[in-house]
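K.L.:
Pasting protein-v2.txt below, which is compact mmCIF, C-alpha atoms (C1' of nucleotides).
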# COMPACT_ATOMS: atom_id res chain seq x y z
CA MET A 6 10.85 20.55 10.35
CA ASP A 7 13.99 18.45 9.89
CA ALA A 8 14.29 15.40 7.66
CA ALA A 9 13.86 12.81 10.43
CA SER A 10 10.60 14.22 11.75
CA GLY A 11 9.35 14.23 8.16
CA ILE A 12 9.84 10.47 8.00
CA GLU A 13 7.99 9.89 11.23
CA SER A 14 5.07 12.03 10.28
CA MET A 15 4.97 10.24 6.95
CA ALA A 16 4.89 6.90 8.74
CA ALA A 17 1.92 8.04 10.78
CA LYS A 18 0.12 9.11 7.64
CA ALA A 19 1.27 6.44 5.23
CA ASP A 20 -2.18 4.96 4.73
CA ARG A 21 -3.74 8.27 3.95
CA VAL A 22 -0.94 9.33 1.63
CA ALA A 23 -1.00 5.97 -0.14
CA GLY A 24 -4.76 6.32 -0.60
CA PHE A 25 -4.22 9.72 -2.13
CA LEU A 26 -1.61 8.35 -4.54
CA LYS A 27 -3.82 5.40 -5.46
CA GLY A 28 -6.43 7.92 -6.41
CA LEU A 29 -4.05 9.22 -9.06
CA ALA A 30 -2.42 5.92 -10.01
CA SER A 31 -4.62 4.74 -12.87
CA PRO A 32 -4.20 5.54 -16.56
CA HIS A 33 -7.86 6.40 -16.93
CA ARG A 34 -7.95 8.60 -13.86
CA LEU A 35 -4.82 10.38 -15.07
CA LEU A 36 -6.63 11.18 -18.30
CA ILE A 37 -9.58 12.52 -16.33
CA LEU A 38 -7.26 14.60 -14.20
CA CYS A 39 -5.49 15.94 -17.26
CA GLU A 40 -8.79 17.23 -18.50
CA LEU A 41 -9.62 18.74 -15.14
CA THR A 42 -6.22 20.40 -15.05
CA GLN A 43 -7.54 22.61 -17.83
CA GLY A 44 -10.78 23.52 -16.08
CA GLU A 45 -14.08 22.11 -14.89
CA ARG A 46 -15.84 19.51 -17.02
CA SER A 47 -19.23 17.82 -16.98
CA VAL A 48 -19.33 14.05 -16.72
CA THR A 49 -20.46 13.94 -20.34
CA ASP A 50 -17.52 16.12 -21.37
CA LEU A 51 -15.19 13.71 -19.62
CA ILE A 52 -16.80 10.67 -21.24
CA GLU A 53 -16.37 12.22 -24.69
CA ALA A 54 -12.81 13.32 -24.01
CA THR A 55 -11.66 9.96 -22.71
CA GLY A 56 -13.92 7.44 -24.46
CA LEU A 57 -14.68 5.66 -21.17
CA PRO A 58 -18.05 3.99 -20.63
CA GLN A 59 -20.43 5.95 -18.47
CA SER A 60 -20.43 3.58 -15.53
CA SER A 61 -16.68 3.38 -15.50
CA MET A 62 -16.37 7.16 -15.53
CA SER A 63 -18.77 7.45 -12.65
CA GLN A 64 -16.79 4.96 -10.58
CA HIS A 65 -13.51 6.69 -11.31
CA LEU A 66 -15.01 10.01 -10.30
CA ALA A 67 -16.34 8.42 -7.12
CA LYS A 68 -12.85 7.27 -6.25
CA LEU A 69 -11.43 10.73 -6.89
CA LYS A 70 -14.14 12.22 -4.65
CA GLU A 71 -13.40 9.65 -1.93
CA GLU A 72 -9.83 10.86 -1.81
CA ASP A 73 -10.95 14.51 -1.86
CA ILE A 74 -9.11 15.09 -5.09
CA VAL A 75 -12.07 16.46 -7.04
CA SER A 76 -15.30 18.24 -6.17
CA PHE A 77 -18.31 19.14 -8.29
CA ARG A 78 -21.07 21.68 -8.58
CA ARG A 79 -24.50 21.07 -10.04
CA GLU A 80 -26.02 23.18 -12.77
CA HIS A 81 -29.48 21.94 -13.68
CA ARG A 82 -29.09 18.27 -14.51
CA THR A 83 -25.42 18.51 -15.17
CA LEU A 84 -22.59 18.00 -12.70
CA TYR A 85 -19.39 19.89 -13.31
CA TYR A 86 -16.32 18.35 -11.76
CA PHE A 87 -13.15 20.21 -10.95
CA LEU A 88 -9.74 19.50 -9.50
CA ASP A 89 -9.96 20.67 -5.92
CA ASN A 90 -6.77 19.55 -4.22
CA LYS A 91 -3.49 21.40 -3.91
CA ALA A 92 -1.34 18.30 -3.54
CA ALA A 93 -2.91 16.73 -6.62
CA ARG A 94 -2.25 19.86 -8.67
CA GLU A 95 1.35 19.87 -7.54
CA VAL A 96 1.80 16.18 -8.34
CA MET A 97 0.28 16.70 -11.79
CA THR A 98 2.79 19.47 -12.40
CA VAL A 99 5.63 17.17 -11.40
CA LEU A 100 4.29 14.49 -13.76
CA PHE A 101 3.96 16.90 -16.69
CA ASP A 102 7.44 18.23 -16.14
CA ASN A 103 9.06 14.84 -15.80
CA PHE A 104 7.14 12.70 -18.27
CA CYS A 105 5.55 15.01 -20.82
CA ARG A 106 8.02 17.73 -21.65
CA ASP A 107 9.94 17.53 -24.91
CA ASP A 108 13.16 16.97 -23.05
CA ALA A 109 11.74 14.37 -20.66
CA PRO A 110 13.60 11.04 -20.64
CA GLY A 111 12.04 7.87 -22.08
CA MET B 10 4.42 23.70 -24.16
CA ASP B 11 0.85 24.89 -23.66
CA ALA B 12 -1.71 23.21 -21.44
CA ALA B 13 -3.50 21.32 -24.22
CA SER B 14 -0.40 19.62 -25.59
CA GLY B 15 0.41 18.62 -22.01
CA ILE B 16 -2.82 16.68 -21.84
CA GLU B 17 -2.15 14.87 -25.10
CA SER B 18 1.34 13.89 -24.16
CA MET B 19 0.00 12.68 -20.82
CA ALA B 20 -2.60 10.58 -22.62
CA ALA B 21 0.12 8.94 -24.67
CA LYS B 22 2.09 8.16 -21.56
CA ALA B 23 -0.72 7.42 -19.14
CA ASP B 24 0.25 3.79 -18.64
CA ARG B 25 3.83 4.60 -17.86
CA VAL B 26 2.94 7.45 -15.53
CA ALA B 27 0.32 5.33 -13.76
CA GLY B 28 2.91 2.60 -13.31
CA PHE B 29 5.27 5.11 -11.77
CA LEU B 30 2.57 6.32 -9.36
CA LYS B 31 1.61 2.77 -8.45
CA GLY B 32 5.22 2.27 -7.50
CA LEU B 33 4.76 4.95 -4.85
CA ALA B 34 1.17 4.19 -3.90
CA SER B 35 1.59 1.74 -1.03
CA PRO B 36 1.95 2.56 2.67
CA HIS B 37 4.90 0.23 3.03
CA ARG B 38 6.69 1.51 -0.02
CA LEU B 39 6.15 5.06 1.17
CA LEU B 40 7.90 4.15 4.41
CA ILE B 41 10.75 2.66 2.44
CA LEU B 42 10.98 5.76 0.30
CA CYS B 43 10.93 7.99 3.36
CA GLU B 44 14.00 6.19 4.61
CA LEU B 45 15.69 6.47 1.24
CA THR B 46 14.91 10.18 1.14
CA GLN B 47 17.47 10.50 3.92
CA GLY B 48 20.17 8.52 2.18
CA GLU B 49 21.10 5.05 1.01
CA ARG B 50 20.12 2.04 3.14
CA SER B 51 20.89 -1.66 3.13
CA VAL B 52 17.98 -4.09 2.88
CA THR B 53 18.59 -5.00 6.50
CA ASP B 54 18.48 -1.34 7.50
CA LEU B 55 15.15 -1.00 5.75
CA ILE B 56 13.76 -4.12 7.39
CA GLU B 57 14.71 -2.80 10.82
CA ALA B 58 13.38 0.67 10.12
CA THR B 59 10.02 -0.51 8.81
CA GLY B 60 9.45 -3.84 10.58
CA LEU B 61 8.50 -5.55 7.32
CA PRO B 62 9.26 -9.24 6.82
CA GLN B 63 12.29 -9.86 4.70
CA SER B 64 10.46 -11.40 1.77
CA SER B 65 7.97 -8.59 1.67
CA MET B 66 10.75 -6.01 1.68
CA SER B 67 12.46 -7.73 -1.19
CA GLN B 68 9.29 -7.72 -3.24
CA HIS B 69 8.62 -4.06 -2.57
CA LEU B 70 12.17 -3.20 -3.57
CA ALA B 71 11.73 -5.25 -6.74
CA LYS B 72 8.68 -3.20 -7.62
CA LEU B 73 10.52 0.05 -7.00
CA LYS B 74 13.35 -1.16 -9.23
CA GLU B 75 10.88 -2.16 -11.94
CA GLU B 76 9.64 1.41 -12.08
CA ASP B 77 13.20 2.78 -12.03
CA ILE B 78 12.51 4.59 -8.79
CA VAL B 79 15.43 3.12 -6.84
CA SER B 80 18.82 1.65 -7.69
CA PHE B 81 21.38 -0.16 -5.59
CA ARG B 82 25.07 -0.76 -5.27
CA ARG B 83 26.68 -3.84 -3.81
CA GLU B 84 29.29 -3.75 -1.08
CA HIS B 85 30.45 -7.24 -0.14
CA ARG B 86 27.32 -9.20 0.72
CA THR B 87 25.24 -6.13 1.36
CA LEU B 88 23.11 -4.23 -1.12
CA TYR B 89 22.62 -0.53 -0.55
CA TYR B 90 19.52 0.93 -2.11
CA PHE B 91 19.03 4.58 -2.94
CA LEU B 92 16.36 6.82 -4.40
CA ASP B 93 17.42 7.35 -7.97
CA ASN B 94 14.57 9.18 -9.68
CA LYS B 95 14.00 12.89 -10.00
CA ALA B 96 10.22 12.67 -10.38
CA ALA B 97 9.96 10.47 -7.30
CA ARG B 98 12.02 12.91 -5.24
CA GLU B 99 9.80 15.76 -6.37
CA VAL B 100 6.62 13.83 -5.57
CA MET B 101 7.97 12.96 -2.12
CA THR B 102 8.61 16.65 -1.51
CA VAL B 103 5.04 17.46 -2.51
CA LEU B 104 3.77 14.75 -0.16
CA PHE B 105 5.86 15.96 2.78
CA ASP B 106 4.75 19.54 2.23
CA ASN B 107 1.09 18.71 1.90
CA PHE B 108 0.59 15.87 4.36
CA CYS B 109 3.38 16.05 6.90
CA ARG B 110 3.98 19.68 7.74
CA ASP B 111 2.64 21.05 11.01
CA ASP B 112 0.20 23.24 9.16
CA ALA B 113 -0.95 20.51 6.76
CA PRO B 114 -4.71 19.92 6.74
CA GLY B 115 -6.23 16.74 8.18
C1' DA C 21 -47.84 12.38 -14.27
C1' DT C 22 -44.73 10.85 -17.46
C1' DA C 23 -40.82 10.72 -20.42
C1' DT C 24 -36.07 12.01 -20.92
C1' DG C 25 -31.39 13.20 -19.96
C1' DA C 26 -27.51 13.05 -16.73
C1' DT C 27 -25.42 10.56 -13.49
C1' DA C 28 -24.84 7.11 -9.76
C1' DT C 29 -25.17 2.54 -7.83
C1' DC C 30 -25.30 -2.45 -7.86
C1' DA C 31 -23.79 -7.11 -9.08
C1' DT C 32 -20.55 -9.84 -11.13
C1' DG C 33 -16.33 -11.64 -12.92
C1' DA C 34 -11.54 -11.07 -14.21
C1' DA C 35 -7.06 -9.25 -13.30
C1' DA C 36 -3.59 -7.25 -10.31
C1' DA C 37 -1.50 -6.38 -5.87
C1' DT C 38 -0.10 -7.95 -1.19
C1' DA C 39 1.45 -10.83 2.58
C1' DT C 40 3.53 -15.00 4.14
C1' DG C 41 6.51 -18.92 4.60
C1' DA C 42 9.60 -22.03 2.30
C1' DA C 43 13.22 -22.75 -0.72
C1' DT C 44 17.14 -20.76 -3.34
C1' DT C 45 21.05 -18.01 -4.81
C1' DG C 46 25.36 -15.70 -4.17
C1' DA C 47 29.17 -13.90 -1.67
C1' DT C 48 32.28 -14.42 1.98
C1' DA C 49 34.53 -16.18 6.01
C1' DA C 50 36.11 -20.16 8.56
C1' DT D 26 34.61 -26.82 0.81
C1' DT D 27 31.37 -25.97 4.04
C1' DA D 28 28.75 -22.92 6.95
C1' DT D 29 26.71 -18.54 7.15
C1' DC D 30 24.81 -14.09 6.15
C1' DA D 31 22.28 -11.14 2.92
C1' DA D 32 19.01 -11.01 -0.18
C1' DT D 33 15.95 -12.89 -3.92
C1' DT D 34 12.62 -16.01 -5.84
C1' DC D 35 8.77 -19.17 -5.59
C1' DA D 36 4.14 -20.85 -4.29
C1' DT D 37 -0.05 -19.78 -2.41
C1' DA D 38 -3.97 -17.49 -0.36
C1' DT D 39 -6.18 -13.22 0.32
C1' DT D 40 -7.56 -8.79 -0.85
C1' DT D 41 -8.11 -5.04 -3.91
C1' DT D 42 -8.91 -3.06 -8.21
C1' DC D 43 -11.16 -2.66 -12.61
C1' DA D 44 -14.48 -3.23 -16.37
C1' DT D 45 -19.05 -4.24 -17.77
C1' DG D 46 -23.97 -4.32 -18.08
C1' DA D 47 -28.19 -3.65 -15.73
C1' DT D 48 -30.80 -1.00 -12.79
C1' DA D 49 -31.84 3.06 -10.08
C1' DT D 50 -31.98 8.00 -8.90
C1' DC D 51 -32.74 12.70 -9.60
C1' DA D 52 -33.84 16.90 -11.97
C1' DT D 53 -36.31 18.85 -15.64
C1' DA D 54 -39.14 19.41 -19.64
C1' DT D 55 -43.54 18.05 -21.79
Just give me the structure as structure tokens.
P.N.:
Amino acid sequence: MDAASGIESMAAKADRVAGFLKGLASPHRLLILCELTQGERSVTDLIEATGLPQSSMSQHLAKLKEEDIVSFRREHRTLYYFLDNKAAREVMTVLFDNFCRDDAPG
Amino acid sequence: MDAASGIESMAAKADRVAGFLKGLASPHRLLILCELTQGERSVTDLIEATGLPQSSMSQHLAKLKEEDIVSFRREHRTLYYFLDNKAAREVMTVLFDNFCRDDAPG
DNA sequence: ATATGATATCATGAAAATATGAATTGATAA
DNA sequence: TTATCAATTCATATTTTCATGATATCATAT
């Protein structure tokens, strides 16, 4: 594909892509995703790791599910969430590299 | 850096990183950024390419400047904007690859 | 059948983002 | 110095997002 057709296909998909990015674009959801970058976590794990109230966590996870960024499996009463999206993994890598490395600017 | 320290440094920078992502997370701004991926553009160019009203364009560009995603140079009365952020370029590449290629899902 | 633990949903209010049209600035050409 | 073009800023209304607390669901252990 050449550059121009990339733009057009992006235009056609702008809503979807923006929805995907909005899924990531919250400080609290970024913290959740950082955890999930390391492996699957129960909702309780995530609440402890981030300090978010239970209801808030549940709503953030719902948003991430809506955008197909995370999935979960059930084990007894506990739900284990995991990062289940290639694009999201790749964006997280870009973010780590650009904002979190020792030599990152800012 | 190992994975765990990545998470902590992300936590410390979550607000900044979320702000950066919010800069990208709008269908209209994605269209703007698609144009700028191809090279610099005047505000008028961008208005024609996207069909956005002039005031709206200006506000979107202001937001992109706020997050240090774009810069501009002046030539006579005309301002030429350009994509001036490594992380943003890398994210755009991830988005093209995952959402706009012929073999992309969805 | 009931109590408990894990999680989701609902209802509400506050804060932030977006679009729109009018007014303004700033640079240049006449 | 006035008119004009390019772009920004302002004011406002609408929509979206986010946090919070209360309630509900759902699976399991007693």
K.L.:
Within 7 Å of chain B, which residues belong to chain A? Use all atoms listed in the file and report them as a CSV table (one decimal) with C-alpha atoms, keeping the file's coordinate frame.
P.N.:
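Saved file selection_2.csv follows:
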chain,number,residue,atom,x,y,z
A,8,ALA,CA,14.3,15.4,7.7
A,11,GLY,CA,9.4,14.2,8.2
A,12,ILE,CA,9.8,10.5,8.0
A,14,SER,CA,5.1,12.0,10.3
A,15,MET,CA,5.0,10.2,7.0
A,16,ALA,CA,4.9,6.9,8.7
A,19,ALA,CA,1.3,6.4,5.2
A,20,ASP,CA,-2.2,5.0,4.7
A,23,ALA,CA,-1.0,6.0,-0.1
A,26,LEU,CA,-1.6,8.4,-4.5
A,27,LYS,CA,-3.8,5.4,-5.5
A,30,ALA,CA,-2.4,5.9,-10.0
A,31,SER,CA,-4.6,4.7,-12.9
A,32,PRO,CA,-4.2,5.5,-16.6
A,35,LEU,CA,-4.8,10.4,-15.1
A,36,LEU,CA,-6.6,11.2,-18.3
A,39,CYS,CA,-5.5,15.9,-17.3
A,40,GLU,CA,-8.8,17.2,-18.5
A,43,GLN,CA,-7.5,22.6,-17.8
A,92,ALA,CA,-1.3,18.3,-3.5
A,95,GLU,CA,1.4,19.9,-7.5
A,96,VAL,CA,1.8,16.2,-8.3
A,99,VAL,CA,5.6,17.2,-11.4
A,101,PHE,CA,4.0,16.9,-16.7
A,103,ASN,CA,9.1,14.8,-15.8
A,105,CYS,CA,5.6,15.0,-20.8
K.L.:
For chain D, which residues have at least one atom within 9 Å of chain A, if we go by only C-alpha atoms (C1' of nucleotides)? Write them as a list in words, please.
P.N.:
DC43, DA44, DT45, DC51, DA52 and DT53 of chain D
K.L.:
If we count only C-alpha atoms (C1' of nucleotides) and set the cut-off at 12 Å, which residues sit around DT33 of chain D, ignoring sequence neighbours fewer than 2 positions away in its own chain? Please answer as a list in words.
P.N.:
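Returned residues: Val52, Gln63, Ser64, Ser65, Met66, Ser67, Gln68, His69, Leu70, Ala71 and Leu88 of chain B; DA43, DT44, DT45 and DG46 of chain C; DA31 and DC35 of chain D.
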K.L.:
Measure the distance from atom C1' of DT41 of chain D to atom C1' of DT38 of chain C in Å and round it to one decimal.
P.N.:
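If I compute the distance from atom C1' of DT41 of chain D to atom C1' of DT38 of chain C, I get 8.9 Å.
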K.L.:
Neighbours of DA31 of chain C within 12 Å (all atoms listed in the file; same-chain residues fewer than 2 positions away dropped), as a ChimeraX atom specification?
P.N.:
/C:29,33 /D:45-48
K.L.:
Return the single residue from A:Asp50, A:Asp89, A:Asp73, A:Asp108 that is closest to chain C, with distances computed using all atoms listed in the file.
P.N.:
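The closest residue to chain C is A:Asp50.
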K.L.:
Sort by chain and increasing residue number a table of all residues of chain C within 9 Å of chain A, each with its closest pair of atoms and their distance in Å to one decimal, counting all atoms listed in the file, and write it as a Markdown table.
P.N.:
| residue | atom | partner | partner_atom | distance |
| --- | --- | --- | --- | --- |
| C:DG25 | C1' | A:Arg82 | CA | 7.8 |
| C:DA26 | C1' | A:Arg82 | CA | 5.9 |
| C:DT27 | C1' | A:Ser63 | CA | 7.4 |
| C:DA28 | C1' | A:Ser63 | CA | 6.7 |
K.L.:
Keeping only C-alpha atoms (C1' of nucleotides), write the selected residues to a file as a short mmCIF file (atom, residue, chain, number, x, y, z; two decimals), in the coordinates of the input.
P.N.:
data_model
loop_
_atom_site.label_atom_id
_atom_site.label_comp_id
_atom_site.auth_asym_id
_atom_site.auth_seq_id
_atom_site.Cartn_x
_atom_site.Cartn_y
_atom_site.Cartn_z
"C1'" DG C 25 -31.39 13.20 -19.96
"C1'" DA C 26 -27.51 13.05 -16.73
"C1'" DT C 27 -25.42 10.56 -13.49
"C1'" DA C 28 -24.84 7.11 -9.76
#
K.L.:
Please indicate the distance in Å from atom CA of Glu53 of chain A to atom C1' of DT22 of chain C, rounded to one decimal place.
P.N.:
29.3 Å
K.L.:
Calculate how many Å separate atom C1' of DT29 of chain D from atom CA of Arg50 of chain B, rounding to one decimal.
P.N.:
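Between atom C1' of DT29 of chain D and atom CA of Arg50 of chain B the gap works out to 22.0 Å.
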K.L.:
Taking the point (-42.3, 12.3, -21.0) as given in the file, collect each protein or nucleic acid residue that comes within 8 Å of it, counting only C-alpha atoms (C1' of nucleotides), and present the set as a PyMOL selection string.
P.N.:
(chain C and resi 22-24) or (chain D and resi 54-55)
K.L.:
For DA42 of chain C, which residue out of D:DT37, D:DT26, D:DA49, D:DA32 is the nearest one, using only C-alpha atoms (C1' of nucleotides)?
P.N.:
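Of all the options, D:DT37 lies closest to DA42 of chain C.
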K.L.:
For each of B:Glu84, B:Lys74, B:Ala58, B:Leu92, take the minimum atom-to-atom distance to DT48 of chain C, counting only C-alpha atoms (C1' of nucleotides), then give the residue where this is smallest.
P.N.:
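Smallest distance to DT48 of chain C is found for B:Glu84.
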K.L.:
Provide segment 19-55 of chain B rebuilt to N, CA and C atoms, formatted as a compact mmCIF listing (two decimals), in the frame of the given file.
P.N.:
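Wrote it out as part_11.txt, contents follow:
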# COMPACT_ATOMS: atom_id res chain seq x y z
N MET B 19 0.32 13.51 -21.99
CA MET B 19 0.00 12.68 -20.82
C MET B 19 -0.82 11.47 -21.26
N ALA B 20 -1.78 11.70 -22.15
CA ALA B 20 -2.60 10.58 -22.62
C ALA B 20 -1.71 9.50 -23.23
N ALA B 21 -0.75 9.91 -24.03
CA ALA B 21 0.12 8.94 -24.67
C ALA B 21 0.95 8.17 -23.66
N LYS B 22 1.19 8.78 -22.54
CA LYS B 22 2.09 8.16 -21.56
C LYS B 22 1.38 7.71 -20.30
N ALA B 23 0.06 7.67 -20.35
CA ALA B 23 -0.72 7.42 -19.14
C ALA B 23 -0.34 6.11 -18.47
N ASP B 24 -0.09 5.08 -19.24
CA ASP B 24 0.25 3.79 -18.64
C ASP B 24 1.57 3.87 -17.87
N ARG B 25 2.52 4.49 -18.50
CA ARG B 25 3.83 4.60 -17.86
C ARG B 25 3.74 5.45 -16.59
N VAL B 26 3.05 6.56 -16.69
CA VAL B 26 2.94 7.45 -15.53
C VAL B 26 2.15 6.76 -14.42
N ALA B 27 1.09 6.05 -14.78
CA ALA B 27 0.32 5.33 -13.76
C ALA B 27 1.19 4.27 -13.10
N GLY B 28 2.00 3.60 -13.87
CA GLY B 28 2.91 2.60 -13.31
C GLY B 28 3.86 3.23 -12.31
N PHE B 29 4.39 4.37 -12.68
CA PHE B 29 5.27 5.11 -11.77
C PHE B 29 4.54 5.43 -10.47
N LEU B 30 3.32 5.95 -10.57
CA LEU B 30 2.57 6.32 -9.36
C LEU B 30 2.23 5.09 -8.54
N LYS B 31 1.90 3.99 -9.20
CA LYS B 31 1.61 2.77 -8.45
C LYS B 31 2.84 2.30 -7.67
N GLY B 32 4.00 2.58 -8.23
CA GLY B 32 5.22 2.27 -7.50
C GLY B 32 5.26 2.97 -6.15
N LEU B 33 4.74 4.18 -6.09
CA LEU B 33 4.76 4.95 -4.85
C LEU B 33 3.55 4.68 -3.97
N ALA B 34 2.47 4.18 -4.56
CA ALA B 34 1.17 4.19 -3.90
C ALA B 34 0.93 2.98 -3.00
N SER B 35 1.76 2.79 -2.03
CA SER B 35 1.59 1.74 -1.03
C SER B 35 2.16 2.25 0.28
N PRO B 36 1.46 2.05 1.38
CA PRO B 36 1.95 2.56 2.67
C PRO B 36 3.35 2.05 2.98
N HIS B 37 3.59 0.77 2.72
CA HIS B 37 4.90 0.23 3.03
C HIS B 37 5.98 0.79 2.13
N ARG B 38 5.67 0.93 0.85
CA ARG B 38 6.69 1.51 -0.02
C ARG B 38 6.93 2.97 0.31
N LEU B 39 5.92 3.67 0.74
CA LEU B 39 6.15 5.06 1.17
C LEU B 39 7.11 5.11 2.35
N LEU B 40 6.96 4.17 3.28
CA LEU B 40 7.90 4.15 4.41
C LEU B 40 9.32 3.89 3.92
N ILE B 41 9.44 2.94 3.02
CA ILE B 41 10.75 2.66 2.44
C ILE B 41 11.33 3.92 1.79
N LEU B 42 10.51 4.57 1.01
CA LEU B 42 10.98 5.76 0.30
C LEU B 42 11.32 6.90 1.26
N CYS B 43 10.59 6.99 2.35
CA CYS B 43 10.93 7.99 3.36
C CYS B 43 12.33 7.76 3.87
N GLU B 44 12.64 6.51 4.16
CA GLU B 44 14.00 6.19 4.61
C GLU B 44 15.01 6.59 3.55
N LEU B 45 14.72 6.22 2.31
CA LEU B 45 15.69 6.47 1.24
C LEU B 45 15.82 7.95 0.91
N THR B 46 14.82 8.73 1.29
CA THR B 46 14.91 10.18 1.14
C THR B 46 16.07 10.73 1.94
N GLN B 47 16.40 10.03 3.05
CA GLN B 47 17.47 10.50 3.92
C GLN B 47 18.85 10.00 3.51
N GLY B 48 18.88 9.03 2.61
CA GLY B 48 20.17 8.52 2.18
C GLY B 48 20.07 7.04 1.87
N GLU B 49 21.15 6.45 1.38
CA GLU B 49 21.10 5.05 1.01
C GLU B 49 20.98 4.17 2.25
N ARG B 50 20.38 2.98 2.04
CA ARG B 50 20.12 2.04 3.14
C ARG B 50 20.30 0.62 2.63
N SER B 51 20.86 -0.24 3.48
CA SER B 51 20.89 -1.66 3.13
C SER B 51 19.50 -2.25 3.31
N VAL B 52 19.28 -3.42 2.72
CA VAL B 52 17.98 -4.09 2.88
C VAL B 52 17.72 -4.35 4.36
N THR B 53 18.74 -4.76 5.06
CA THR B 53 18.59 -5.00 6.50
C THR B 53 18.21 -3.73 7.25
N ASP B 54 18.87 -2.63 6.92
CA ASP B 54 18.48 -1.34 7.50
C ASP B 54 16.99 -1.09 7.30
N LEU B 55 16.55 -1.32 6.07
CA LEU B 55 15.15 -1.00 5.75
C LEU B 55 14.19 -1.92 6.49
